[in-house]
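Structure file upload-v4.pdb; described as PDB, C-alpha atoms, pLDDT in the B column.
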```
MODEL        1
ATOM      1  CA  LEU A1144       9.606 -16.051 -18.327  1.00 43.00           C
ATOM      2  CA  GLY A1145      12.555 -18.334 -18.770  1.00 39.00           C
ATOM      3  CA  PHE A1146      11.296 -21.467 -16.990  1.00 36.00           C
ATOM      4  CA  GLY A1147       8.345 -23.812 -17.169  1.00 37.00           C
ATOM      5  CA  PHE A1148       5.162 -23.902 -15.112  1.00 36.00           C
ATOM      6  CA  PRO A1149       5.901 -27.347 -13.597  1.00 36.00           C
ATOM      7  CA  LEU A1150       8.785 -25.730 -11.739  1.00 47.00           C
ATOM      8  CA  PHE A1151       6.410 -23.430  -9.921  1.00 43.00           C
ATOM      9  CA  LEU A1152       4.188 -26.346  -9.011  1.00 37.00           C
ATOM     10  CA  THR A1153       7.204 -27.854  -7.287  1.00 44.00           C
ATOM     11  CA  ILE A1154       8.134 -24.598  -5.578  1.00 46.00           C
ATOM     12  CA  LEU A1155       4.725 -23.595  -4.312  1.00 43.00           C
ATOM     13  CA  HIS A1156       3.405 -27.053  -3.507  1.00 41.00           C
ATOM     14  CA  PRO A1157       6.176 -29.241  -1.995  1.00 40.00           C
ATOM     15  CA  SER A1158       3.772 -32.185  -1.909  1.00 36.00           C
ATOM     16  CA  ILE A1159       4.178 -32.270  -5.674  1.00 35.00           C
ATOM     17  CA  ASN A1160       6.782 -35.006  -5.075  1.00 39.00           C
ATOM     18  CA  MET A1161       3.755 -37.182  -5.795  1.00 34.00           C
ATOM     19  CA  LEU A1162       3.747 -35.914  -9.392  1.00 33.00           C
ATOM     20  CA  SER A1163       3.363 -38.364 -12.225  1.00 35.00           C
ATOM     21  CA  ARG A1164       6.517 -39.507 -14.027  1.00 41.00           C
ATOM     22  CA  PHE A1165       5.628 -37.256 -16.963  1.00 36.00           C
ATOM     23  CA  ALA A1166       5.209 -34.169 -14.777  1.00 35.00           C
ATOM     24  CA  ARG A1167       8.468 -34.853 -12.950  1.00 42.00           C
ATOM     25  CA  THR A1168      10.245 -35.122 -16.294  1.00 43.00           C
ATOM     26  CA  GLN A1169       8.749 -31.788 -17.319  1.00 40.00           C
ATOM     27  CA  ALA A1170       9.912 -30.243 -14.045  1.00 43.00           C
ATOM     28  CA  ARG A1171      13.471 -31.447 -14.629  1.00 48.00           C
ATOM     29  CA  ARG A1172      13.384 -29.932 -18.110  1.00 48.00           C
ATOM     30  CA  ALA A1173      12.269 -26.632 -16.559  1.00 46.00           C
ATOM     31  CA  PHE A1174      15.366 -26.609 -14.366  1.00 48.00           C
ATOM     32  CA  SER A1175      17.569 -27.009 -17.449  1.00 52.00           C
ATOM     33  CA  THR A1176      16.312 -23.718 -18.932  1.00 72.00           C
ATOM     34  CA  ALA A1177      18.031 -20.675 -17.484  1.00 88.00           C
ATOM     35  CA  ALA A1178      15.985 -17.597 -16.663  1.00 94.00           C
ATOM     36  CA  SER A1179      17.066 -14.411 -18.411  1.00 96.00           C
ATOM     37  CA  LEU A1180      16.611 -10.693 -17.822  1.00 97.00           C
ATOM     38  CA  PRO A1181      13.980  -9.458 -20.298  1.00 97.00           C
ATOM     39  CA  ASP A1182      14.674  -6.440 -22.467  1.00 97.00           C
ATOM     40  CA  LEU A1183      12.408  -3.465 -21.859  1.00 98.00           C
ATOM     41  CA  LYS A1184      10.203  -2.183 -24.660  1.00 97.00           C
ATOM     42  CA  TYR A1185      11.091   1.405 -23.756  1.00 98.00           C
ATOM     43  CA  ASP A1186      14.128   3.399 -22.631  1.00 98.00           C
ATOM     44  CA  TYR A1187      14.938   4.006 -18.979  1.00 98.00           C
ATOM     45  CA  THR A1188      13.996   7.663 -19.488  1.00 98.00           C
ATOM     46  CA  ALA A1189      10.602   6.873 -21.035  1.00 98.00           C
ATOM     47  CA  LEU A1190       8.523   6.851 -17.846  1.00 98.00           C
ATOM     48  CA  GLU A1191       9.765  10.191 -16.537  1.00 98.00           C
ATOM     49  CA  PRO A1192       8.678  12.159 -14.586  1.00 98.00           C
ATOM     50  CA  VAL A1193       6.551   9.428 -12.963  1.00 98.00           C
ATOM     51  CA  VAL A1194       9.531   7.082 -12.598  1.00 98.00           C
ATOM     52  CA  SER A1195      13.017   8.506 -13.057  1.00 98.00           C
ATOM     53  CA  ALA A1196      15.617   7.030 -15.392  1.00 98.00           C
ATOM     54  CA  LYS A1197      17.872   6.365 -12.388  1.00 98.00           C
ATOM     55  CA  ILE A1198      15.274   4.251 -10.655  1.00 98.00           C
ATOM     56  CA  MET A1199      14.465   2.394 -13.868  1.00 98.00           C
ATOM     57  CA  GLU A1200      18.126   1.611 -14.500  1.00 98.00           C
ATOM     58  CA  LEU A1201      18.756   0.396 -10.947  1.00 98.00           C
ATOM     59  CA  HIS A1202      15.464  -1.470 -10.725  1.00 98.00           C
ATOM     60  CA  HIS A1203      15.843  -3.319 -14.017  1.00 98.00           C
ATOM     61  CA  SER A1204      19.595  -3.776 -14.504  1.00 98.00           C
ATOM     62  CA  LYS A1205      20.484  -4.354 -10.841  1.00 98.00           C
ATOM     63  CA  HIS A1206      17.528  -5.545  -8.761  1.00 98.00           C
ATOM     64  CA  HIS A1207      15.748  -7.638 -11.390  1.00 98.00           C
ATOM     65  CA  ALA A1208      19.070  -8.940 -12.701  1.00 98.00           C
ATOM     66  CA  THR A1209      19.968 -10.099  -9.182  1.00 98.00           C
ATOM     67  CA  TYR A1210      16.735 -12.091  -8.905  1.00 97.00           C
ATOM     68  CA  VAL A1211      17.514 -13.745 -12.247  1.00 97.00           C
ATOM     69  CA  ASN A1212      21.093 -14.602 -11.276  1.00 97.00           C
ATOM     70  CA  ASN A1213      20.108 -15.934  -7.873  1.00 97.00           C
ATOM     71  CA  LEU A1214      17.250 -17.939  -9.362  1.00 96.00           C
ATOM     72  CA  ASN A1215      19.559 -19.604 -11.856  1.00 96.00           C
ATOM     73  CA  ALA A1216      22.073 -20.423  -9.125  1.00 96.00           C
ATOM     74  CA  ALA A1217      19.321 -21.937  -6.958  1.00 95.00           C
ATOM     75  CA  LEU A1218      17.967 -23.969  -9.879  1.00 95.00           C
ATOM     76  CA  GLU A1219      21.431 -25.329 -10.629  1.00 95.00           C
ATOM     77  CA  SER A1220      21.824 -26.373  -7.009  1.00 96.00           C
ATOM     78  CA  TYR A1221      18.364 -27.918  -7.048  1.00 94.00           C
ATOM     79  CA  ALA A1222      19.155 -29.944 -10.171  1.00 94.00           C
ATOM     80  CA  ALA A1223      22.366 -31.222  -8.566  1.00 95.00           C
ATOM     81  CA  ALA A1224      20.501 -32.136  -5.382  1.00 94.00           C
ATOM     82  CA  GLU A1225      17.776 -33.874  -7.368  1.00 93.00           C
ATOM     83  CA  ALA A1226      20.371 -35.898  -9.265  1.00 94.00           C
ATOM     84  CA  LYS A1227      21.733 -37.095  -5.902  1.00 95.00           C
ATOM     85  CA  ASN A1228      18.219 -37.631  -4.516  1.00 95.00           C
ATOM     86  CA  ASP A1229      19.162 -35.209  -1.726  1.00 95.00           C
ATOM     87  CA  VAL A1230      15.621 -34.415  -0.608  1.00 95.00           C
ATOM     88  CA  ALA A1231      16.708 -32.297   2.365  1.00 96.00           C
ATOM     89  CA  LYS A1232      18.737 -30.033   0.086  1.00 96.00           C
ATOM     90  CA  MET A1233      15.888 -29.820  -2.422  1.00 95.00           C
ATOM     91  CA  ILE A1234      13.530 -28.687   0.336  1.00 96.00           C
ATOM     92  CA  ALA A1235      16.066 -26.188   1.689  1.00 96.00           C
ATOM     93  CA  LEU A1236      16.387 -24.561  -1.744  1.00 96.00           C
ATOM     94  CA  GLN A1237      12.678 -24.000  -2.284  1.00 94.00           C
ATOM     95  CA  GLY A1238      12.678 -20.722  -0.354  1.00 95.00           C
ATOM     96  CA  ALA A1239      15.391 -19.243  -2.569  1.00 96.00           C
ATOM     97  CA  ILE A1240      13.644 -20.477  -5.702  1.00 95.00           C
ATOM     98  CA  LYS A1241      10.308 -19.040  -4.593  1.00 95.00           C
ATOM     99  CA  PHE A1242      11.774 -15.667  -3.586  1.00 96.00           C
ATOM    100  CA  ASN A1243      13.983 -15.141  -6.618  1.00 97.00           C
ATOM    101  CA  GLY A1244      11.606 -16.865  -9.021  1.00 96.00           C
ATOM    102  CA  GLY A1245       8.783 -14.700  -7.720  1.00 96.00           C
ATOM    103  CA  GLY A1246      10.959 -11.615  -8.115  1.00 97.00           C
ATOM    104  CA  HIS A1247      11.658 -12.554 -11.712  1.00 97.00           C
ATOM    105  CA  VAL A1248       8.040 -13.342 -12.587  1.00 97.00           C
ATOM    106  CA  ASN A1249       6.626 -10.292 -10.799  1.00 97.00           C
ATOM    107  CA  HIS A1250       9.044  -7.845 -12.398  1.00 98.00           C
ATOM    108  CA  THR A1251       8.608  -9.331 -15.870  1.00 97.00           C
ATOM    109  CA  ILE A1252       4.877  -8.619 -15.618  1.00 98.00           C
ATOM    110  CA  PHE A1253       5.502  -5.205 -14.052  1.00 98.00           C
ATOM    111  CA  TRP A1254       7.649  -3.912 -16.943  1.00 98.00           C
ATOM    112  CA  GLU A1255       4.981  -4.940 -19.450  1.00 98.00           C
ATOM    113  CA  ASN A1256       2.237  -3.375 -17.310  1.00 98.00           C
ATOM    114  CA  LEU A1257       3.916   0.012 -17.819  1.00 98.00           C
ATOM    115  CA  ALA A1258       4.315   2.165 -20.922  1.00 98.00           C
ATOM    116  CA  PRO A1259       5.359   5.729 -21.705  1.00 98.00           C
ATOM    117  CA  THR A1260       2.533   8.164 -22.389  1.00 98.00           C
ATOM    118  CA  SER A1261       3.697   8.328 -26.015  1.00 97.00           C
ATOM    119  CA  ALA A1262       2.840   4.622 -26.312  1.00 97.00           C
ATOM    120  CA  GLY A1263      -0.517   4.781 -24.557  1.00 97.00           C
ATOM    121  CA  GLY A1264       0.603   4.721 -20.941  1.00 98.00           C
ATOM    122  CA  GLY A1265      -2.038   6.183 -18.670  1.00 97.00           C
ATOM    123  CA  GLU A1266      -4.877   5.831 -21.161  1.00 97.00           C
ATOM    124  CA  GLY A1267      -7.705   4.224 -19.224  1.00 96.00           C
ATOM    125  CA  PRO A1268      -9.112   0.745 -19.793  1.00 97.00           C
ATOM    126  CA  SER A1269     -11.882   0.132 -22.298  1.00 96.00           C
ATOM    127  CA  GLY A1270     -14.049  -2.691 -23.579  1.00 97.00           C
ATOM    128  CA  ASP A1271     -14.569  -5.852 -21.518  1.00 97.00           C
ATOM    129  CA  LEU A1272     -11.911  -4.950 -18.968  1.00 98.00           C
ATOM    130  CA  ALA A1273     -13.434  -1.557 -18.226  1.00 98.00           C
ATOM    131  CA  ALA A1274     -16.868  -3.155 -17.959  1.00 98.00           C
ATOM    132  CA  ALA A1275     -15.582  -5.776 -15.505  1.00 98.00           C
ATOM    133  CA  ILE A1276     -13.878  -3.139 -13.361  1.00 98.00           C
ATOM    134  CA  GLU A1277     -16.999  -0.976 -13.322  1.00 98.00           C
ATOM    135  CA  ALA A1278     -19.172  -3.977 -12.459  1.00 96.00           C
ATOM    136  CA  LYS A1279     -16.988  -4.784  -9.445  1.00 97.00           C
ATOM    137  CA  TRP A1280     -15.991  -1.332  -8.160  1.00 98.00           C
ATOM    138  CA  GLY A1281     -18.474   1.049  -9.748  1.00 98.00           C
ATOM    139  CA  SER A1282     -15.879   3.002 -11.703  1.00 98.00           C
ATOM    140  CA  VAL A1283     -12.227   2.868 -12.701  1.00 98.00           C
ATOM    141  CA  GLU A1284     -11.571   5.797 -10.372  1.00 98.00           C
ATOM    142  CA  ASN A1285     -13.024   3.917  -7.408  1.00 98.00           C
ATOM    143  CA  PHE A1286     -11.063   0.795  -8.317  1.00 98.00           C
ATOM    144  CA  ILE A1287      -7.821   2.817  -8.244  1.00 98.00           C
ATOM    145  CA  LYS A1288      -8.812   4.339  -4.900  1.00 98.00           C
ATOM    146  CA  VAL A1289      -9.429   0.897  -3.358  1.00 98.00           C
ATOM    147  CA  PHE A1290      -6.330  -0.612  -4.984  1.00 98.00           C
ATOM    148  CA  ASN A1291      -4.093   2.208  -3.748  1.00 98.00           C
ATOM    149  CA  ALA A1292      -5.448   2.032  -0.197  1.00 98.00           C
ATOM    150  CA  LYS A1293      -4.862  -1.707   0.074  1.00 98.00           C
ATOM    151  CA  THR A1294      -1.440  -1.553  -1.558  1.00 98.00           C
ATOM    152  CA  ALA A1295      -0.235   1.422   0.481  1.00 98.00           C
ATOM    153  CA  ALA A1296      -1.112  -0.517   3.640  1.00 98.00           C
ATOM    154  CA  ILE A1297       1.304  -3.378   2.873  1.00 98.00           C
ATOM    155  CA  GLN A1298       3.656  -3.727   5.825  1.00 97.00           C
ATOM    156  CA  GLY A1299       7.251  -3.702   4.621  1.00 96.00           C
ATOM    157  CA  SER A1300       7.796  -4.775   1.022  1.00 98.00           C
ATOM    158  CA  GLY A1301       5.387  -6.357  -1.418  1.00 98.00           C
ATOM    159  CA  TRP A1302       3.069  -6.014  -4.390  1.00 98.00           C
ATOM    160  CA  GLY A1303      -0.477  -4.919  -5.135  1.00 98.00           C
ATOM    161  CA  TRP A1304      -2.260  -6.987  -7.791  1.00 98.00           C
ATOM    162  CA  LEU A1305      -5.340  -6.917  -9.953  1.00 98.00           C
ATOM    163  CA  GLY A1306      -6.132 -10.532 -10.720  1.00 98.00           C
ATOM    164  CA  TYR A1307      -8.717 -12.630 -12.512  1.00 98.00           C
ATOM    165  CA  ASN A1308     -10.437 -15.262 -10.377  1.00 96.00           C
ATOM    166  CA  ALA A1309     -11.300 -18.148 -12.685  1.00 95.00           C
ATOM    167  CA  GLU A1310     -13.644 -19.760 -10.156  1.00 94.00           C
ATOM    168  CA  SER A1311     -15.857 -16.703  -9.755  1.00 94.00           C
ATOM    169  CA  GLY A1312     -15.188 -15.285 -13.217  1.00 95.00           C
ATOM    170  CA  SER A1313     -14.518 -11.884 -11.690  1.00 95.00           C
ATOM    171  CA  LEU A1314     -11.703  -9.480 -10.931  1.00 98.00           C
ATOM    172  CA  ASP A1315     -10.237  -8.953  -7.493  1.00 98.00           C
ATOM    173  CA  ILE A1316      -7.467  -7.058  -5.706  1.00 98.00           C
ATOM    174  CA  ALA A1317      -4.785  -8.935  -3.794  1.00 98.00           C
ATOM    175  CA  THR A1318      -1.668  -7.923  -1.903  1.00 98.00           C
ATOM    176  CA  MET A1319       1.397 -10.136  -1.620  1.00 98.00           C
ATOM    177  CA  SER A1320       4.355  -9.848   0.734  1.00 97.00           C
ATOM    178  CA  ASN A1321       7.962  -9.696  -0.399  1.00 97.00           C
ATOM    179  CA  GLN A1322       8.290 -11.377  -3.816  1.00 97.00           C
ATOM    180  CA  ASP A1323       5.580 -13.981  -3.322  1.00 97.00           C
ATOM    181  CA  PRO A1324       3.950 -14.540  -6.722  1.00 96.00           C
ATOM    182  CA  LEU A1325       0.186 -14.308  -7.110  1.00 96.00           C
ATOM    183  CA  THR A1326      -1.002 -17.892  -7.550  1.00 95.00           C
ATOM    184  CA  SER A1327      -4.599 -17.777  -6.308  1.00 94.00           C
ATOM    185  CA  MET A1328      -5.612 -15.799  -9.398  1.00 97.00           C
ATOM    186  CA  THR A1329      -4.251 -14.984 -12.833  1.00 97.00           C
ATOM    187  CA  PRO A1330      -2.127 -11.837 -12.407  1.00 98.00           C
ATOM    188  CA  LEU A1331      -3.202  -9.002 -14.692  1.00 98.00           C
ATOM    189  CA  LEU A1332      -1.605  -5.888 -13.192  1.00 98.00           C
ATOM    190  CA  GLY A1333       1.071  -5.685 -10.513  1.00 98.00           C
ATOM    191  CA  ILE A1334       2.429  -2.608  -8.760  1.00 98.00           C
ATOM    192  CA  ASP A1335       5.756  -2.960  -6.972  1.00 98.00           C
ATOM    193  CA  VAL A1336       5.896  -1.233  -3.585  1.00 98.00           C
ATOM    194  CA  TRP A1337       9.341  -2.325  -2.546  1.00 98.00           C
ATOM    195  CA  GLU A1338      11.205   0.885  -1.657  1.00 97.00           C
ATOM    196  CA  HIS A1339      13.688   0.342  -4.492  1.00 97.00           C
ATOM    197  CA  ALA A1340      10.777   0.959  -6.893  1.00 98.00           C
ATOM    198  CA  TYR A1341      10.139   4.523  -5.738  1.00 98.00           C
ATOM    199  CA  TYR A1342      12.340   5.781  -2.893  1.00 97.00           C
ATOM    200  CA  LEU A1343      14.782   7.885  -4.945  1.00 97.00           C
ATOM    201  CA  ASP A1344      11.812   9.771  -6.437  1.00 98.00           C
ATOM    202  CA  TYR A1345       9.229   9.776  -3.653  1.00 98.00           C
ATOM    203  CA  MET A1346      11.233   9.087  -0.484  1.00 97.00           C
ATOM    204  CA  ASN A1347       8.783   7.631   2.086  1.00 96.00           C
ATOM    205  CA  ALA A1348       5.663   8.908   0.261  1.00 98.00           C
ATOM    206  CA  ARG A1349       4.380   5.552  -0.986  1.00 98.00           C
ATOM    207  CA  PRO A1350       0.816   6.913  -1.484  1.00 98.00           C
ATOM    208  CA  LYS A1351       2.150   9.630  -3.812  1.00 98.00           C
ATOM    209  CA  TYR A1352       3.998   7.026  -5.875  1.00 98.00           C
ATOM    210  CA  LEU A1353       0.812   4.971  -6.095  1.00 98.00           C
ATOM    211  CA  GLU A1354      -1.156   8.048  -7.134  1.00 98.00           C
ATOM    212  CA  ASN A1355       1.249   8.816  -9.977  1.00 98.00           C
ATOM    213  CA  ILE A1356       2.025   5.329 -11.281  1.00 98.00           C
ATOM    214  CA  TRP A1357      -1.367   5.140 -13.014  1.00 98.00           C
ATOM    215  CA  LYS A1358      -0.154   7.834 -15.408  1.00 98.00           C
ATOM    216  CA  VAL A1359       2.053   5.185 -17.059  1.00 98.00           C
ATOM    217  CA  VAL A1360      -0.010   2.013 -16.617  1.00 98.00           C
ATOM    218  CA  ASN A1361      -0.296   0.099 -19.874  1.00 98.00           C
ATOM    219  CA  TRP A1362      -3.972  -0.814 -19.817  1.00 98.00           C
ATOM    220  CA  SER A1363      -3.676  -2.448 -23.247  1.00 98.00           C
ATOM    221  CA  ASP A1364      -1.341  -5.036 -21.729  1.00 98.00           C
ATOM    222  CA  VAL A1365      -3.667  -5.546 -18.776  1.00 98.00           C
ATOM    223  CA  ALA A1366      -6.612  -6.030 -21.160  1.00 98.00           C
ATOM    224  CA  ALA A1367      -4.670  -8.577 -23.220  1.00 98.00           C
ATOM    225  CA  ARG A1368      -3.929 -10.575 -20.061  1.00 98.00           C
ATOM    226  CA  TYR A1369      -7.591 -10.376 -19.052  1.00 98.00           C
ATOM    227  CA  ASP A1370      -8.757 -11.610 -22.460  1.00 97.00           C
ATOM    228  CA  ALA A1371      -6.274 -14.500 -22.336  1.00 97.00           C
ATOM    229  CA  ALA A1372      -7.332 -15.484 -18.809  1.00 96.00           C
ATOM    230  CA  LYS A1373     -11.081 -15.657 -19.473  1.00 92.00           C
TER
ENDMDL
END
```

Transcribe the structure of this file into structure tokens.
Amino acid sequence: LGFGFPLFLTILHPSINMLSRFARTQARRAFSTAASLPDLKYDYTALEPVVSAKIMELHHSKHHATYVNNLNAALESYAAAEAKNDVAKMIALQGAIKFNGGGHVNHTIFWENLAPTSAGGGEGPSGDLAAAIEAKWGSVENFIKVFNAKTAAIQGSGWGWLGYNAESGSLDIATMSNQDPLTSMTPLLGIDVWEHAYYLDYMNARPKYLENIWKVVNWSDVAARYDAAK
């Protein structure tokens, strides 16, 4: 994703100033690595008609790129503040790092969670993942129904997530506001419901967008994340 995990410990848990010397060194190294916009594994036209090429181009090359650029700028400022031991400045920058860092992380997962139908997009889950979904929600169809209802109800902008809860060993659905990253569980599948993700195609019909997006979900990627998280 372009930066190390210790960075996110610092962002999401400000009390991490009590980190060991080793962890603090690792965090500083994370700041020295610039985030970068990931290449897509498919063309902007590949998800049509579910997601138009225009939306894909704007979403990836403009919106995601802005999160990356702003994250790098915030990390540079943080590194300079840390070098000066300017704690107030370091604290002030954490909001920008969390917002733009979350935007970068969330979108990087999102692009990989999608695939054109020619590459398996929309083909339902199988194996252990399908069994876990069916055990929790009764069927994949019911899972999608519950997921869509919760995600459509997000006030303003945010994300719907399927995550793996390591403590319970089960799957769960979570919604996050704005660009807040999912940290309570391992993120497996994220659906972006910021208006820039669908408005040109669906206008204000968020439920219709959510209904159609499953036609290009890359369940193979979701399954790989599930297998890695267990």

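The closest residue to Leu1183 (chain A), picked from A:Glu1219, A:Asp1315, A:Glu1255, A:Glu1225 and counting all atoms listed in the file, is A:Glu1255.
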
### Message
For this structure, which residues satisfy the selection - the PyMOL selection byres ((chain A and resi 1259) around 6) - when it is evaluated on the file as given? I want them as a PyMOL selection string.
### Response
chain A and resi 1189-1190+1258+1260-1262+1264+1359

### Task
Would you list the residues near (2.9, 8.6, -11.6) (no more than 9 Å away, in the coordinates of the file, using all atoms listed in the file) as a PyMOL selection string?
chain A and resi 1190-1194+1265+1351-1360

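Comparing A:Val1211, A:Ala1371, A:Ile1276, A:Val1336 by their smallest distance to Ala1309 (chain A), the closest is A:Ala1371 (using all atoms listed in the file).
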
### Task
Compute the distance from (10.8, -17.2, -7.9) to each atom, counting all atoms listed in the file, keep the residues with any atom at most 10 Å away, and return them as JSON, numbers by chain; use the coordinates of the file.
{"A": [1150, 1151, 1154, 1155, 1210, 1211, 1213, 1214, 1215, 1217, 1237, 1238, 1239, 1240, 1241, 1242, 1243, 1244, 1245, 1246, 1247, 1248, 1249, 1322, 1323, 1324]}

### Task
Determine, counting all atoms listed in the file, which protein, DNA and RNA residues have an atom within 8 Å of an atom of region 1293-1302 of chain A; residues of the same chain fewer than 3 positions away are not included. Present the result as a list in words.
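Everything that qualifies: Val1289, Phe1290, Thr1318, Met1319, Ser1320, Asn1321, Gln1322, Asp1323, Gly1333, Ile1334, Asp1335, Val1336, Trp1337, Glu1338, Arg1349, Pro1350 and Leu1353 of chain A.
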
### Message
Could you tell me how far CA of Ser1327 (chain A) sits from CA of Ala1275 (chain A), in Å to one decimal place?
### Response
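CA of Ala1275 (chain A) sits 18.7 Å away from CA of Ser1327 (chain A).
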
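Nearest residue to Lys1184 (chain A) among A:Trp1304, A:Trp1254, A:Phe1286, A:Tyr1341 is A:Trp1254, counting all atoms listed in the file.
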
### Query
Nearest to Tyr1185 (chain A) among A:Thr1251, A:Ala1226, A:His1206, A:Leu1257, with distances taken over only C-alpha atoms: which residue is it?
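Closest to Tyr1185 (chain A) of all the choices is A:Leu1257.
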
### Message
Could you tell me how far CA of His1203 (chain A) sits from CA of Gly1263 (chain A), in Å to one decimal place?
### Response
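These atoms are spaced 21.1 Å apart.
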